[in-house]
$ cat run_0.txt   # compact mmCIF, C-alpha atoms
# COMPACT_ATOMS: atom_id res chain seq x y z
CA MET L 1 -36.21 25.61 0.24
CA CYS L 2 -36.21 27.56 3.49
CA ILE L 3 -39.55 28.86 4.66
CA PHE L 4 -37.92 32.04 5.90
CA ASN L 5 -35.94 33.04 2.78
CA GLN L 6 -35.54 36.79 2.76
CA SER L 7 -34.65 39.11 -0.09
CA GLN L 8 -31.79 41.52 0.53
CA GLN L 9 -34.26 44.40 0.75
CA LEU L 10 -36.43 42.69 3.36
CA PRO L 11 -35.55 43.82 6.90
CA MET L 12 -34.52 41.14 9.38
CA LYS L 13 -37.32 42.19 11.72
CA ASN L 14 -39.73 40.35 9.43
CA LEU L 15 -38.01 37.10 10.36
CA ALA L 16 -39.13 37.50 13.99
CA ILE L 17 -42.73 38.31 13.10
CA LYS L 18 -42.88 35.38 10.68
CA ILE L 19 -41.67 32.99 13.37
CA SER L 20 -44.24 34.52 15.72
CA LEU L 21 -47.05 33.93 13.19
CA PHE L 22 -46.00 30.30 12.84
CA LEU L 23 -46.01 29.79 16.61
CA ASN L 24 -49.39 31.52 17.05
CA TYR L 25 -50.91 29.27 14.42
CA PHE L 26 -49.27 26.21 15.98
CA VAL L 27 -50.86 26.90 19.39
CA PHE L 28 -54.31 27.50 17.96
CA ALA L 29 -54.04 24.47 15.69
CA ILE L 30 -53.81 22.32 18.82
CA LEU L 31 -56.61 24.14 20.63
CA LEU L 32 -59.08 24.32 17.75
CA ASN L 33 -58.65 20.80 16.47
CA SER L 34 -58.71 19.24 19.91
CA VAL L 35 -62.49 19.35 19.52
CA GLY L 36 -62.48 15.88 17.93
CA ALA L 37 -60.58 14.38 20.85
CA VAL L 38 -62.69 16.29 23.39
CA ILE L 39 -65.93 15.16 21.73
CA LEU L 40 -64.72 11.58 22.07
CA GLN L 41 -63.69 12.00 25.73
CA VAL L 42 -66.71 13.95 27.04
CA GLN L 43 -69.01 11.21 25.78
CA GLY L 44 -67.41 8.96 28.39
CA ASN L 45 -66.87 11.60 31.08
CA PHE L 46 -70.39 13.03 31.12
CA GLY L 47 -72.51 10.46 29.26
CA ILE L 48 -73.13 12.80 26.32
CA SER L 49 -74.55 11.44 23.04
CA GLU L 50 -72.71 11.91 19.74
CA SER L 51 -75.16 14.56 18.53
CA GLY L 52 -75.03 16.25 21.95
CA ALA L 53 -71.23 16.30 21.96
CA SER L 54 -71.18 17.72 18.42
CA ILE L 55 -72.51 21.02 19.83
CA LEU L 56 -68.93 21.79 20.95
CA GLU L 57 -68.14 22.54 17.31
CA ALA L 58 -70.85 25.21 17.32
CA PHE L 59 -69.53 26.71 20.57
CA LYS L 60 -66.18 27.02 18.83
CA ASP L 61 -67.27 28.15 15.38
CA LEU L 62 -70.19 30.49 16.09
CA PRO L 63 -68.08 32.77 18.35
CA ILE L 64 -65.47 32.73 15.58
CA ALA L 65 -68.09 33.87 13.07
CA ILE L 66 -69.67 36.51 15.30
CA CYS L 67 -66.39 37.93 16.57
CA SER L 68 -64.87 37.99 13.08
CA PHE L 69 -67.86 39.87 11.71
CA LEU L 70 -67.66 42.48 14.48
CA VAL L 71 -63.93 43.12 14.71
CA ALA L 72 -62.51 42.49 11.21
CA SER L 73 -62.92 46.02 9.87
CA PHE L 74 -61.79 47.62 13.16
CA LEU L 75 -58.74 45.49 13.90
CA PRO L 76 -56.17 47.57 11.95
CA ARG L 77 -57.34 50.65 13.88
CA LEU L 78 -57.13 48.83 17.24
CA GLY L 79 -53.79 47.23 16.40
CA ILE L 80 -53.07 43.87 14.74
CA LYS L 81 -50.28 42.96 17.14
CA LYS L 82 -52.30 44.01 20.19
CA GLY L 83 -55.18 41.86 18.96
CA MET L 84 -52.96 38.78 18.72
CA LEU L 85 -51.61 39.38 22.24
CA MET L 86 -55.17 39.60 23.58
CA GLY L 87 -56.18 36.36 21.87
CA LEU L 88 -53.20 34.46 23.26
CA GLY L 89 -53.81 35.88 26.73
CA LEU L 90 -57.44 34.73 26.77
CA VAL L 91 -56.66 31.13 25.87
CA ALA L 92 -53.73 31.00 28.30
CA LEU L 93 -56.13 31.97 31.10
CA ILE L 94 -58.97 29.59 30.20
CA CYS L 95 -56.57 26.65 29.77
CA LEU L 96 -55.23 27.24 33.27
CA THR L 97 -58.71 26.78 34.72
CA ILE L 98 -59.63 23.47 33.05
CA PRO L 99 -57.78 21.09 35.41
CA LEU L 100 -59.09 23.06 38.38
CA PHE L 101 -62.76 23.72 37.62
CA ALA L 102 -63.97 21.64 34.64
CA ASP L 103 -66.46 19.37 36.40
CA SER L 104 -69.32 19.41 33.86
CA PHE L 105 -69.97 19.57 30.12
CA TRP L 106 -70.87 23.27 30.13
CA TYR L 107 -67.29 24.19 31.05
CA PHE L 108 -66.05 22.70 27.79
CA LYS L 109 -68.64 24.78 25.96
CA LEU L 110 -67.11 27.83 27.64
CA LEU L 111 -63.60 26.63 26.75
CA PHE L 112 -64.36 26.38 23.05
CA ALA L 113 -66.28 29.67 23.05
CA VAL L 114 -63.17 31.44 24.39
CA ILE L 115 -60.94 29.56 21.92
CA GLY L 116 -63.29 30.62 19.11
CA ILE L 117 -63.27 34.30 20.07
CA SER L 118 -59.48 34.31 20.41
CA PHE L 119 -58.90 32.48 17.14
CA ALA L 120 -61.11 34.93 15.24
CA ILE L 121 -58.77 37.72 16.31
CA ILE L 122 -55.64 35.64 15.65
CA LYS L 123 -56.64 34.44 12.18
CA ILE L 124 -57.74 37.85 10.92
CA SER L 125 -54.50 39.30 12.31
CA VAL L 126 -52.33 36.60 10.72
CA PHE L 127 -53.99 36.93 7.30
CA ALA L 128 -53.71 40.72 7.42
CA THR L 129 -50.06 40.47 8.49
CA ILE L 130 -49.16 38.14 5.61
CA GLY L 131 -50.19 40.90 3.21
CA LEU L 132 -47.92 43.34 5.06
CA ILE L 133 -44.78 41.17 5.02
CA THR L 134 -45.02 39.67 1.50
CA ASP L 135 -44.81 41.15 -1.99
CA GLY L 136 -46.72 39.83 -4.97
CA THR L 137 -49.16 36.99 -5.57
CA LYS L 138 -46.57 34.20 -5.71
CA GLU L 139 -44.89 35.14 -2.43
CA HIS L 140 -48.28 35.60 -0.78
CA SER L 141 -49.51 32.21 -2.00
CA SER L 142 -46.29 30.47 -1.01
CA PHE L 143 -46.22 31.89 2.53
CA MET L 144 -49.94 31.19 2.96
CA SER L 145 -49.40 27.53 2.02
CA TRP L 146 -46.43 27.26 4.37
CA ILE L 147 -48.20 28.74 7.37
CA GLU L 148 -51.35 26.68 6.78
CA GLY L 149 -49.10 23.63 6.45
CA PHE L 150 -47.50 24.44 9.78
CA PHE L 151 -51.00 24.80 11.22
CA MET L 152 -51.57 21.15 10.31
CA VAL L 153 -48.27 20.21 11.96
CA GLY L 154 -49.82 21.69 15.10
CA VAL L 155 -52.95 19.59 14.56
CA LEU L 156 -50.78 16.47 14.21
CA PHE L 157 -48.86 17.29 17.38
CA GLY L 158 -52.07 18.10 19.22
CA ASN L 159 -53.68 14.75 18.42
CA LEU L 160 -50.60 12.88 19.58
CA PHE L 161 -50.33 15.09 22.64
CA PHE L 162 -53.94 14.45 23.71
CA SER L 163 -53.64 10.71 23.08
CA TRP L 164 -50.77 10.47 25.61
CA PHE L 165 -53.12 11.64 28.38
CA VAL L 166 -56.05 9.33 27.52
CA ASP L 167 -56.77 6.30 29.72
CA ASP L 168 -58.19 3.57 27.44
CA ASN L 169 -59.19 1.46 30.45
CA ASN L 170 -61.28 4.15 32.16
CA LEU L 171 -63.63 6.14 29.96
CA GLN L 172 -64.57 8.41 32.88
CA SER L 173 -60.99 9.33 33.76
CA THR L 174 -60.21 13.06 33.81
CA GLU L 175 -56.44 12.64 33.68
CA TRP L 176 -56.49 14.03 30.15
CA TYR L 177 -57.37 17.45 31.66
CA GLN L 178 -53.68 17.81 32.56
CA VAL L 179 -52.87 18.55 28.91
CA TYR L 180 -54.27 22.05 29.42
CA TRP L 181 -51.42 23.02 31.80
CA PHE L 182 -49.02 22.57 28.86
CA LEU L 183 -51.29 24.39 26.41
CA SER L 184 -51.46 27.39 28.73
CA ALA L 185 -47.66 27.47 28.97
CA MET L 186 -47.35 27.32 25.17
CA SER L 187 -49.77 30.25 24.81
CA ILE L 188 -47.74 32.33 27.24
CA GLY L 189 -44.55 31.48 25.34
CA ALA L 190 -46.17 32.61 22.07
CA MET L 191 -47.18 35.89 23.76
CA VAL L 192 -43.63 36.58 24.85
CA LEU L 193 -42.20 36.02 21.35
CA LEU L 194 -44.89 38.18 19.75
CA PHE L 195 -44.38 40.96 22.29
CA PHE L 196 -40.73 41.31 21.27
CA SER L 197 -41.45 41.14 17.51
CA THR L 198 -41.79 44.26 15.36
CA LEU L 199 -44.60 44.79 12.85
CA ASP L 200 -45.20 47.84 10.65
CA GLU L 201 -49.01 48.14 10.42
CA SER L 202 -49.18 51.42 8.51
CA GLN L 203 -50.24 49.84 5.18
CA ALA L 204 -53.19 48.12 6.84
CA GLN L 205 -54.94 51.46 7.38
CA LEU L 206 -56.51 53.71 4.78
CA GLU L 207 -56.26 57.46 5.20
CA GLY L 208 -59.57 59.22 5.77
CA SER L 209 -61.35 56.09 6.93
CA ASN L 210 -63.44 55.77 10.08
CA PRO L 211 -64.99 52.81 11.94
CA THR L 212 -68.42 53.22 10.34
CA LYS L 213 -66.95 53.52 6.87
CA ASP L 214 -64.63 50.56 7.43
CA PHE L 215 -67.52 48.34 8.52
CA ALA L 216 -69.67 49.44 5.57
CA GLU L 217 -66.81 48.68 3.16
CA MET L 218 -66.50 45.19 4.61
CA LEU L 219 -70.20 44.55 4.02
CA LYS L 220 -69.89 45.87 0.46
CA LEU L 221 -67.19 43.29 -0.24
CA VAL L 222 -69.78 40.49 0.02
CA ILE L 223 -71.78 41.73 -2.96
CA LYS L 224 -68.76 41.62 -5.29
CA PRO L 225 -69.17 38.51 -7.52
CA LEU L 226 -65.56 37.46 -6.91
CA VAL L 227 -65.97 37.64 -3.12
CA LEU L 228 -69.43 36.05 -3.14
CA VAL L 229 -68.22 33.01 -5.07
CA PHE L 230 -65.18 32.80 -2.81
CA VAL L 231 -67.20 32.72 0.43
CA ILE L 232 -69.36 29.95 -1.03
CA SER L 233 -66.19 28.02 -1.86
CA ALA L 234 -64.73 28.58 1.61
CA PHE L 235 -67.99 27.50 3.27
CA LEU L 236 -68.13 24.27 1.24
CA PHE L 237 -64.48 23.44 1.80
CA VAL L 238 -64.58 23.84 5.57
CA LEU L 239 -67.83 21.87 5.72
CA ILE L 240 -65.96 18.96 4.10
CA GLU L 241 -62.76 19.48 6.10
CA GLN L 242 -64.42 19.56 9.52
CA SER L 243 -66.55 16.52 8.79
CA PHE L 244 -63.30 14.60 8.34
CA GLN L 245 -61.12 16.26 10.98
CA THR L 246 -63.61 16.40 13.83
CA TRP L 247 -65.13 12.96 13.38
CA THR L 248 -62.12 10.85 12.41
CA PRO L 249 -61.47 9.75 16.05
CA THR L 250 -65.11 8.71 16.51
CA PHE L 251 -65.09 6.99 13.10
CA TYR L 252 -62.08 4.91 14.11
CA LYS L 253 -63.53 3.99 17.48
CA ASP L 254 -67.12 3.25 16.43
CA ILE L 255 -66.66 1.88 12.89
CA LEU L 256 -63.16 0.40 12.82
CA LYS L 257 -63.32 -0.57 16.53
CA VAL L 258 -59.86 0.63 17.57
CA PRO L 259 -59.04 1.95 21.11
CA SER L 260 -59.67 5.59 22.02
CA SER L 261 -55.99 6.57 22.18
CA MET L 262 -55.33 5.02 18.79
CA SER L 263 -58.43 6.74 17.38
CA ILE L 264 -57.05 10.12 18.43
CA GLN L 265 -53.65 9.20 16.96
CA ALA L 266 -55.42 8.47 13.66
CA GLY L 267 -56.44 12.11 13.72
CA ALA L 268 -52.74 12.91 13.98
CA ILE L 269 -52.05 10.93 10.81
CA LEU L 270 -54.80 12.89 9.07
CA ALA L 271 -53.20 16.12 10.29
CA GLY L 272 -49.81 14.93 9.05
CA ALA L 273 -51.32 14.31 5.62
CA PHE L 274 -52.79 17.84 5.71
CA ALA L 275 -49.42 19.32 6.63
CA LEU L 276 -47.60 17.44 3.87
CA GLY L 277 -50.28 18.36 1.32
CA ARG L 278 -49.99 22.07 2.09
CA ILE L 279 -46.20 22.06 2.16
CA LEU L 280 -46.05 20.33 -1.22
CA ALA L 281 -48.62 22.79 -2.55
CA GLY L 282 -46.17 25.60 -1.82
CA PHE L 283 -43.88 24.09 -4.48
CA ILE L 284 -46.50 22.88 -6.95
CA LEU L 285 -48.37 26.20 -7.15
CA GLN L 286 -45.20 27.88 -8.42
CA ARG L 287 -45.55 25.80 -11.59
CA VAL L 288 -49.24 24.82 -11.91
CA HIS L 289 -52.29 27.08 -12.18
CA TRP L 290 -54.29 27.06 -8.97
CA LEU L 291 -57.58 25.97 -10.61
CA LYS L 292 -56.09 22.95 -12.36
CA PHE L 293 -54.39 21.95 -9.10
CA THR L 294 -57.45 22.31 -6.82
CA VAL L 295 -59.84 20.57 -9.24
CA THR L 296 -57.44 17.63 -9.47
CA CYS L 297 -57.30 17.46 -5.66
CA ILE L 298 -61.11 17.34 -5.37
CA ILE L 299 -61.46 14.60 -7.99
CA VAL L 300 -58.78 12.42 -6.37
CA LEU L 301 -60.33 13.01 -2.93
CA ALA L 302 -63.74 11.86 -4.17
CA LEU L 303 -62.19 8.74 -5.69
CA CYS L 304 -60.48 7.99 -2.36
CA VAL L 305 -63.81 8.16 -0.53
CA ILE L 306 -65.48 5.87 -3.07
CA ILE L 307 -62.63 3.33 -2.95
CA ASN L 308 -61.74 3.37 0.77
CA LEU L 309 -65.10 3.36 2.56
CA PRO L 310 -66.23 -0.07 1.27
CA LEU L 311 -63.11 -1.55 2.91
CA THR L 312 -64.59 -0.75 6.33
CA LYS L 313 -67.29 -3.37 5.71
CA THR L 314 -64.79 -6.17 5.11
CA THR L 315 -62.18 -5.28 7.74
CA ILE L 316 -62.40 -6.99 11.15
CA ILE L 317 -60.32 -5.55 14.00
CA ASP L 318 -59.82 -6.87 17.53
CA PRO L 319 -59.69 -3.75 19.76
CA LEU L 320 -57.87 -5.71 22.50
CA SER L 321 -54.90 -6.69 20.35
CA ILE L 322 -54.74 -3.98 17.68
CA SER L 323 -51.59 -1.83 17.44
CA TRP L 324 -50.03 0.34 14.78
CA THR L 325 -47.63 -2.47 13.86
CA SER L 326 -50.47 -4.99 13.33
CA ALA L 327 -53.18 -2.67 11.95
CA PRO L 328 -54.78 -3.47 8.58
CA LEU L 329 -54.23 -1.23 5.57
CA ILE L 330 -57.50 0.72 5.93
CA VAL L 331 -56.33 2.13 9.26
CA TYR L 332 -53.49 3.89 7.44
CA ILE L 333 -55.16 4.68 4.12
CA PHE L 334 -58.20 6.57 5.37
CA PRO L 335 -56.38 9.59 6.89
CA LEU L 336 -54.20 9.98 3.78
CA MET L 337 -57.20 11.52 2.01
CA GLY L 338 -56.16 14.68 3.84
CA LEU L 339 -53.19 14.89 1.45
CA PHE L 340 -55.55 15.93 -1.35
CA LEU L 341 -58.02 17.92 0.74
CA ALA L 342 -55.39 20.07 2.46
CA PRO L 343 -54.08 22.37 -0.32
CA ILE L 344 -57.47 23.74 -1.37
CA TYR L 345 -58.15 26.12 1.53
CA PRO L 346 -54.90 28.13 1.64
CA THR L 347 -54.89 28.28 -2.16
CA ILE L 348 -58.33 29.89 -2.49
CA ASN L 349 -57.60 32.20 0.47
CA SER L 350 -54.48 33.45 -1.28
CA VAL L 351 -56.37 33.87 -4.56
CA ILE L 352 -58.93 36.21 -3.00
CA LEU L 353 -56.55 38.15 -0.73
CA SER L 354 -53.95 38.78 -3.44
CA SER L 355 -56.75 40.09 -5.67
CA LEU L 356 -57.57 42.89 -3.20
CA PRO L 357 -55.60 45.96 -1.96
CA LYS L 358 -53.75 45.48 1.35
CA HIS L 359 -55.99 47.82 3.33
CA ARG L 360 -58.89 45.44 2.54
CA HIS L 361 -57.10 42.30 3.74
CA SER L 362 -58.31 42.60 7.34
CA ALA L 363 -61.96 42.98 6.29
CA MET L 364 -61.66 40.16 3.75
CA SER L 365 -59.96 37.98 6.37
CA GLY L 366 -62.96 38.57 8.61
CA LEU L 367 -65.29 37.30 5.91
CA ILE L 368 -63.04 34.28 5.37
CA VAL L 369 -63.19 33.42 9.06
CA VAL L 370 -66.96 33.99 9.31
CA PHE L 371 -67.89 31.68 6.47
CA SER L 372 -65.23 29.15 7.38
CA ALA L 373 -66.66 28.98 10.90
CA LEU L 374 -70.20 28.57 9.62
CA GLY L 375 -69.06 25.82 7.27
CA GLY L 376 -67.18 24.08 10.09
CA THR L 377 -70.19 24.09 12.40
CA THR L 378 -72.51 22.86 9.67
CA GLY L 379 -70.15 20.05 8.69
CA SER L 380 -69.61 18.84 12.24
CA VAL L 381 -73.27 18.95 13.30
CA VAL L 382 -74.52 17.30 10.11
CA THR L 383 -71.86 14.58 10.35
CA GLY L 384 -72.60 14.03 14.05
CA ASN L 385 -76.29 13.51 13.34
CA LEU L 386 -75.52 11.18 10.44
CA PHE L 387 -73.24 9.19 12.77
CA GLU L 388 -76.02 8.88 15.35
CA HIS L 389 -78.96 8.13 13.06
CA PHE L 390 -77.19 6.14 10.33
CA ASP L 391 -73.48 5.26 10.61
CA GLY L 392 -70.03 6.73 10.04
CA VAL L 393 -69.68 5.23 6.57
CA THR L 394 -72.89 6.93 5.40
CA ALA L 395 -71.76 10.18 7.00
CA PHE L 396 -68.53 10.26 5.01
CA TYR L 397 -70.23 9.16 1.78
CA MET L 398 -72.42 12.25 2.08
CA SER L 399 -69.29 14.42 1.82
CA LEU L 400 -69.32 13.69 -1.93
CA ILE L 401 -72.20 16.17 -2.33
CA PRO L 402 -70.34 19.30 -1.11
CA MET L 403 -67.25 18.09 -3.01
CA GLY L 404 -69.19 18.32 -6.26
CA LEU L 405 -70.56 21.74 -5.36
CA LEU L 406 -67.07 22.96 -4.41
CA LEU L 407 -65.67 21.88 -7.78
CA VAL L 408 -68.30 23.96 -9.58
CA SER L 409 -67.76 27.00 -7.34
CA LEU L 410 -64.00 26.97 -7.97
CA VAL L 411 -64.58 27.14 -11.71
CA PHE L 412 -66.68 30.28 -11.17
CA LEU L 413 -64.07 31.69 -8.76
CA ASN L 414 -61.44 31.42 -11.49
CA LYS L 415 -63.78 33.12 -13.97
CA TYR L 416 -64.43 36.11 -11.70
CA GLN L 417 -60.76 36.39 -10.69
CA LYS L 418 -59.80 36.78 -14.35
CA ALA L 419 -62.52 39.39 -14.81
CA ASN L 420 -61.29 41.28 -11.72
CA GLN L 421 -57.73 41.38 -13.09
CA THR L 422 -58.88 43.00 -16.31
CA VAL L 423 -60.76 45.80 -14.50

$ encode --input "run_0.txt" --output "structure tokens"
Amino acid sequence: MCIFNQSQQLPMKNLAIKISLFLNYFVFAILLNSVGAVILQVQGNFGISESGASILEAFKDLPIAICSFLVASFLPRLGIKKGMLMGLGLVALICLTIPLFADSFWYFKLLFAVIGISFAIIKISVFATIGLITDGTKEHSSFMSWIEGFFMVGVLFGNLFFSWFVDDNNLQSTEWYQVYWFLSAMSIGAMVLLFFSTLDESQAQLEGSNPTKDFAEMLKLVIKPLVLVFVISAFLFVLIEQSFQTWTPTFYKDILKVPSSMSIQAGAILAGAFALGRILAGFILQRVHWLKFTVTCIIVLALCVIINLPLTKTTIIDPLSISWTSAPLIVYIFPLMGLFLAPIYPTINSVILSSLPKHRHSAMSGLIVVFSALGGTTGSVVTGNLFEHFDGVTAFYMSLIPMGLLLVSLVFLNKYQKANQTV
């Protein structure tokens, strides 16, 4: 199956904008999910504690939440394409400055704040654009799964990319800063492709609306039972996801005792599992109801946590001789849990967006980003403190609590979706 299959009625210009959306997401996948690798590296560079380093997640996610809340309802009026160009331009500029000026921890706080602001604009724009270039729930869900899967390909690439610049023998080395030259170039390349792509944004605007009315309508969305249950689900999912994604490198280094570069590469395996899970979901969801599929994923994920974590107590690894060819089974098994975690997020996003009219997709996307960001920050900070005050095994065991809550919330989401369809 080709991810860019077009119907005969669909103009070829949509092919260019689809490729552009994939590239935009790829760039931000690397930037956003580099926080795990950066948390690991700044601990050595600046002598930051684990809980202190975890604040980088907040500097990324809180600007995402705040910016999303402020701009979501206004973005169609300002221009979806223009917004994406602005976001790419901001990260291209900040990445250029890292190798030149990043001499203290605060600069990385600034870096992730800029990344967060830019991604808020990009994600709302991408979600709103998907509604403009797809027809029907199935096509929307399929494309959403594909683009989120490609996002995880970017995460995989980013983890590998960062690991190539890490010096395992010198924890205070700043050679890894050089990766930001390449990230700036990629952002500029994404800007060029987007600039020459065509997007019809007329359906994203509602006649007779104004900025005040648009913002009020976005706030009113939250009180709808369907939307309220969705944002709870999104918050819980991202809380779980970020606890795994952000802290996998530190888990490997501190608990499994593998080298820093290999710890970051383990994050790449997790990202690969996420990518595969979301790509497969694009096929499975054409045949299986979304609730049955997501509930099964949560149950299997919980079983993986219960089965895999005890193995960390019985596995002994020599960090001086370990390699991927000689690594024990637990080193490979742990990241594969992402295979079952991955499909949930794009699936529930598609469920809520395809249940609303297209002129509400931008506002709803803003709410998605806000509560996802809040969930991400909560998950990372809580996990970081559990790492510091208990251990990594306890931290990941605690993820079973939000998993149970997420399972319950998805059942209610399905109930309210059915009710919304009958209205």

$ residues_around --input "run_0.txt" --residues "Phe112 in chain L" --least-positions-apart "6" --cutoff "7 Å" --atoms "all atoms listed in the file" --output "list of chain:residue names"
L:Leu56, L:Phe59, L:Lys60

$ closest_atom_pairs --input "run_0.txt" --of "range 180-259 of chain L" --to "range 305-326 of chain L" --cutoff "6 Å" --atoms "all atoms listed in the file" --output "Markdown table"
| residue | atom | partner | partner_atom | distance |
| --- | --- | --- | --- | --- |
| L:Lys257 | CA | L:Pro319 | CA | 5.8 |
| L:Val258 | CA | L:Pro319 | CA | 4.9 |
| L:Pro259 | CA | L:Pro319 | CA | 5.9 |

$ residues_around --input "run_0.txt" --residues "Lys18 in chain L" --least-positions-apart "2" --cutoff "10 Å" --atoms "all atoms listed in the file" --output "PyMOL selection string"
chain L and resi 3-4+13-16+20-24+126+129-130+133+143+147+194+197+199

$ residues_around --input "run_0.txt" --residues "Arg278 in chain L" --least-positions-apart "4" --cutoff "9 Å" --atoms "only C-alpha atoms" --output "list of chain:residue names"
L:Ser145, L:Trp146, L:Ile147, L:Glu148, L:Gly149, L:Phe150, L:Met152, L:Ala273, L:Phe274, L:Gly282, L:Leu339, L:Phe340, L:Ala342, L:Pro343, L:Ile344, L:Pro346, L:Thr347

$ residues_around --input "run_0.txt" --residues "Leu75 in chain L" --least-positions-apart "6" --cutoff "12 Å" --atoms "all atoms listed in the file" --output "PyMOL selection string"
chain L and resi 67-69+81-84+86+120-129+201+204-205+210-211+214-215+359-366

$ closest_residue --input "run_0.txt" --among "L:Val166, L:Ala102, L:Leu110, L:Val27" --to "Gly89 in chain L" --atoms "all atoms listed in the file"
L:Val27

$ closest_residue --input "run_0.txt" --among "L:Ser202, L:Thr134, L:Thr383, L:Asn169" --to "Phe251 in chain L" --atoms "all atoms listed in the file"
L:Thr383
